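A.B. asks: The structure's right below; bear with me while I get my questions together.
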Amino acid sequence: MSEQHLQQTLSAIDISKAQLENLSRQQEMVQSSLEEHLRAKESVEQIAKAEENEEILVPVGAGVFLHARVGNHKTGIANAGASVMMEKGMQDIAKMLDSRIEELRNAIKELDVQGEKIGNAIEQLSADAQQQYIELQKPARPAGKSK
């Protein structure tokens with residue numbers, strides 16, 4: 001066991017901790033996107049059920065809701081990808097949101113798995129580093145003597 005090997009192990013721990021922090025930020029962003037999609041789906045469903053000219057509350061974000069009257073409640077405009085907006089039926093928009101919600105939930109699960117793997121690796125590396133440190137603290141045996 002060498003001090004250099006211990007330093008390499010400690011560096012690997014630092015790198016793994018940075019990866020875990022990055023993963024945590026990714027999880028927060030995906031969770032935020034999931035919540036946004038769930039709110040959008042709720043709004044689409046609320047508007048689809050409403051009658052024309054019915055007053056509803058529309059969430060605009062940050063816990064703010066505005067009073068609005070329903071006009072066309074049969075179609076809406078949604079991002080179809082690559083910043084292309086398309087008019088779609090409310091059921092199609094709800095299905096699109098369901099698909100995206102499922103993808104986001106799967107992404108969260110995958111990030112959780114990755115986080116657990118990195119956490120386990122950090123635990124193992126920490127145990128290895130502790131053992132290496134103990135070995136380095138043992139007095140060196142005099143040359144020429146063996147057990």
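Simple scheme: letters A, B, ... for chains in structure tokens order, numbers from 1 for residues in each chain, numbers from 1 for ligands in the order shown.
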Would you please extract all alpha helix (DSSP H) residues from range 14-134 of chain A, as assigned by DSSP on the backbone, and give them as an NGL selection string?

C.D. replies: :A and (14-49 or 90-134)

A.B. asks: How would the residues just chosen look if you wrote them out with C-alpha atoms as a PDB file, in the first residue's frame?

C.D. replies:
ATOM      1  CA  ASP A  14     -14.145  13.353  -4.686  1.00  0.00           C
ATOM      2  CA  ILE A  15     -15.026  12.645  -8.329  1.00  0.00           C
ATOM      3  CA  SER A  16     -17.863  10.331  -7.297  1.00  0.00           C
ATOM      4  CA  LYS A  17     -19.241  12.936  -4.896  1.00  0.00           C
ATOM      5  CA  ALA A  18     -19.210  15.530  -7.698  1.00  0.00           C
ATOM      6  CA  GLN A  19     -21.051  13.073  -9.953  1.00  0.00           C
ATOM      7  CA  LEU A  20     -23.626  12.509  -7.217  1.00  0.00           C
ATOM      8  CA  GLU A  21     -24.155  16.266  -6.819  1.00  0.00           C
ATOM      9  CA  ASN A  22     -24.589  16.640 -10.588  1.00  0.00           C
ATOM     10  CA  LEU A  23     -27.054  13.764 -10.594  1.00  0.00           C
ATOM     11  CA  SER A  24     -28.991  15.454  -7.798  1.00  0.00           C
ATOM     12  CA  ARG A  25     -29.283  18.650  -9.859  1.00  0.00           C
ATOM     13  CA  GLN A  26     -30.492  16.595 -12.833  1.00  0.00           C
ATOM     14  CA  GLN A  27     -33.109  14.935 -10.618  1.00  0.00           C
ATOM     15  CA  GLU A  28     -34.352  18.334  -9.455  1.00  0.00           C
ATOM     16  CA  MET A  29     -34.714  19.542 -13.056  1.00  0.00           C
ATOM     17  CA  VAL A  30     -36.539  16.402 -14.170  1.00  0.00           C
ATOM     18  CA  GLN A  31     -38.815  16.547 -11.116  1.00  0.00           C
ATOM     19  CA  SER A  32     -39.620  20.181 -11.862  1.00  0.00           C
ATOM     20  CA  SER A  33     -40.437  19.294 -15.471  1.00  0.00           C
ATOM     21  CA  LEU A  34     -42.643  16.428 -14.289  1.00  0.00           C
ATOM     22  CA  GLU A  35     -44.587  18.752 -11.995  1.00  0.00           C
ATOM     23  CA  GLU A  36     -45.029  21.235 -14.858  1.00  0.00           C
ATOM     24  CA  HIS A  37     -46.362  18.480 -17.133  1.00  0.00           C
ATOM     25  CA  LEU A  38     -48.755  17.255 -14.438  1.00  0.00           C
ATOM     26  CA  ARG A  39     -50.117  20.794 -13.972  1.00  0.00           C
ATOM     27  CA  ALA A  40     -50.500  21.181 -17.746  1.00  0.00           C
ATOM     28  CA  LYS A  41     -52.409  17.900 -17.976  1.00  0.00           C
ATOM     29  CA  GLU A  42     -54.693  18.973 -15.149  1.00  0.00           C
ATOM     30  CA  SER A  43     -55.389  22.267 -16.938  1.00  0.00           C
ATOM     31  CA  VAL A  44     -56.070  20.528 -20.262  1.00  0.00           C
ATOM     32  CA  GLU A  45     -58.505  18.153 -18.577  1.00  0.00           C
ATOM     33  CA  GLN A  46     -60.222  21.029 -16.763  1.00  0.00           C
ATOM     34  CA  ILE A  47     -60.640  23.028 -19.979  1.00  0.00           C
ATOM     35  CA  ALA A  48     -61.773  19.976 -21.987  1.00  0.00           C
ATOM     36  CA  LYS A  49     -64.583  19.362 -19.469  1.00  0.00           C
ATOM     37  CA  MET A  90     -57.591  18.055 -26.240  1.00  0.00           C
ATOM     38  CA  GLN A  91     -57.502  14.248 -26.015  1.00  0.00           C
ATOM     39  CA  ASP A  92     -54.403  14.177 -28.222  1.00  0.00           C
ATOM     40  CA  ILE A  93     -52.751  16.822 -26.069  1.00  0.00           C
ATOM     41  CA  ALA A  94     -53.600  14.836 -22.929  1.00  0.00           C
ATOM     42  CA  LYS A  95     -52.133  11.664 -24.497  1.00  0.00           C
ATOM     43  CA  MET A  96     -48.985  13.556 -25.497  1.00  0.00           C
ATOM     44  CA  LEU A  97     -48.647  14.854 -21.945  1.00  0.00           C
ATOM     45  CA  ASP A  98     -49.213  11.342 -20.557  1.00  0.00           C
ATOM     46  CA  SER A  99     -46.411  10.052 -22.768  1.00  0.00           C
ATOM     47  CA  ARG A 100     -44.046  12.790 -21.638  1.00  0.00           C
ATOM     48  CA  ILE A 101     -45.042  12.259 -17.997  1.00  0.00           C
ATOM     49  CA  GLU A 102     -44.202   8.562 -18.322  1.00  0.00           C
ATOM     50  CA  GLU A 103     -40.821   9.406 -19.893  1.00  0.00           C
ATOM     51  CA  LEU A 104     -40.049  11.813 -17.059  1.00  0.00           C
ATOM     52  CA  ARG A 105     -41.032   9.261 -14.418  1.00  0.00           C
ATOM     53  CA  ASN A 106     -38.771   6.694 -16.095  1.00  0.00           C
ATOM     54  CA  ALA A 107     -35.946   9.238 -16.164  1.00  0.00           C
ATOM     55  CA  ILE A 108     -36.391   9.845 -12.435  1.00  0.00           C
ATOM     56  CA  LYS A 109     -36.235   6.096 -11.766  1.00  0.00           C
ATOM     57  CA  GLU A 110     -33.062   5.782 -13.857  1.00  0.00           C
ATOM     58  CA  LEU A 111     -31.464   8.730 -12.053  1.00  0.00           C
ATOM     59  CA  ASP A 112     -32.376   7.101  -8.725  1.00  0.00           C
ATOM     60  CA  VAL A 113     -30.661   3.864  -9.816  1.00  0.00           C
ATOM     61  CA  GLN A 114     -27.562   5.770 -10.947  1.00  0.00           C
ATOM     62  CA  GLY A 115     -27.509   7.705  -7.678  1.00  0.00           C
ATOM     63  CA  GLU A 116     -27.712   4.505  -5.663  1.00  0.00           C
ATOM     64  CA  LYS A 117     -24.836   2.981  -7.651  1.00  0.00           C
ATOM     65  CA  ILE A 118     -22.675   6.058  -7.135  1.00  0.00           C
ATOM     66  CA  GLY A 119     -23.577   6.152  -3.436  1.00  0.00           C
ATOM     67  CA  ASN A 120     -22.584   2.503  -3.065  1.00  0.00           C
ATOM     68  CA  ALA A 121     -19.322   3.182  -4.915  1.00  0.00           C
ATOM     69  CA  ILE A 122     -18.566   6.082  -2.547  1.00  0.00           C
ATOM     70  CA  GLU A 123     -19.193   3.828   0.464  1.00  0.00           C
ATOM     71  CA  GLN A 124     -16.867   1.161  -0.942  1.00  0.00           C
ATOM     72  CA  LEU A 125     -14.171   3.685  -1.828  1.00  0.00           C
ATOM     73  CA  SER A 126     -14.417   5.227   1.642  1.00  0.00           C
ATOM     74  CA  ALA A 127     -14.003   1.819   3.264  1.00  0.00           C
ATOM     75  CA  ASP A 128     -11.026   1.121   0.983  1.00  0.00           C
ATOM     76  CA  ALA A 129      -9.479   4.487   1.850  1.00  0.00           C
ATOM     77  CA  GLN A 130      -9.924   3.808   5.560  1.00  0.00           C
ATOM     78  CA  GLN A 131      -8.239   0.417   5.213  1.00  0.00           C
ATOM     79  CA  GLN A 132      -5.393   1.921   3.177  1.00  0.00           C
ATOM     80  CA  TYR A 133      -4.882   4.593   5.823  1.00  0.00           C
ATOM     81  CA  ILE A 134      -4.719   1.948   8.568  1.00  0.00           C
TER      82      ILE A 134
END

A.B. asks: Enumerate, as a list of chain:residue names, the complete set of residues in range 17-101 of chain A that a backbone-based DSSP assignment places in strand (DSSP E or B).

C.D. replies: A:Glu55, A:Ile56, A:Leu57, A:Val58, A:Pro59, A:Val60, A:Gly61, A:Val64, A:Phe65, A:Leu66, A:His67, A:Ala68, A:Arg69, A:Thr75, A:Gly76, A:Ile77, A:Ala78, A:Asn79, A:Ala80, A:Gly81, A:Val84, A:Met85, A:Met86, A:Glu87, A:Lys88, A:Gly89

A.B. asks: Please write the residues from the selection above to a file, keeping C-alpha atoms, as a short mmCIF file (atom, residue, chain, number, x, y, z; two decimals), in the first residue's frame.

C.D. replies:
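Final file, out.cif:
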data_model
loop_
_atom_site.label_atom_id
_atom_site.label_comp_id
_atom_site.auth_asym_id
_atom_site.auth_seq_id
_atom_site.Cartn_x
_atom_site.Cartn_y
_atom_site.Cartn_z
CA GLU A 55 -65.35 30.64 -16.02
CA ILE A 56 -62.39 28.58 -14.86
CA LEU A 57 -59.18 29.12 -12.92
CA VAL A 58 -56.06 28.72 -15.04
CA PRO A 59 -52.70 28.08 -13.34
CA VAL A 60 -49.98 30.38 -14.66
CA GLY A 61 -47.21 29.15 -12.36
CA VAL A 64 -50.93 31.80 -9.21
CA PHE A 65 -54.30 31.13 -10.86
CA LEU A 66 -56.18 33.50 -13.13
CA HIS A 67 -59.89 33.64 -13.87
CA ALA A 68 -60.60 32.95 -17.53
CA ARG A 69 -63.55 32.13 -19.75
CA THR A 75 -58.52 21.99 -29.44
CA GLY A 76 -55.33 23.57 -28.20
CA ILE A 77 -51.85 24.31 -29.42
CA ALA A 78 -48.98 22.12 -28.25
CA ASN A 79 -45.28 21.82 -28.93
CA ALA A 80 -44.83 18.87 -31.28
CA GLY A 81 -41.03 18.97 -30.92
CA VAL A 84 -42.91 23.32 -33.85
CA MET A 85 -46.35 24.19 -32.50
CA MET A 86 -49.41 22.31 -33.74
CA GLU A 87 -53.11 22.55 -33.12
CA LYS A 88 -54.36 19.30 -31.63
CA GLY A 89 -57.48 17.94 -30.03
#

A.B. asks: Quote the spacing between CA of His73 in chain A and CA of Glu52 in chain A in Å to one decimal place.

C.D. replies: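 Those two atoms sit 6.8 Å apart.
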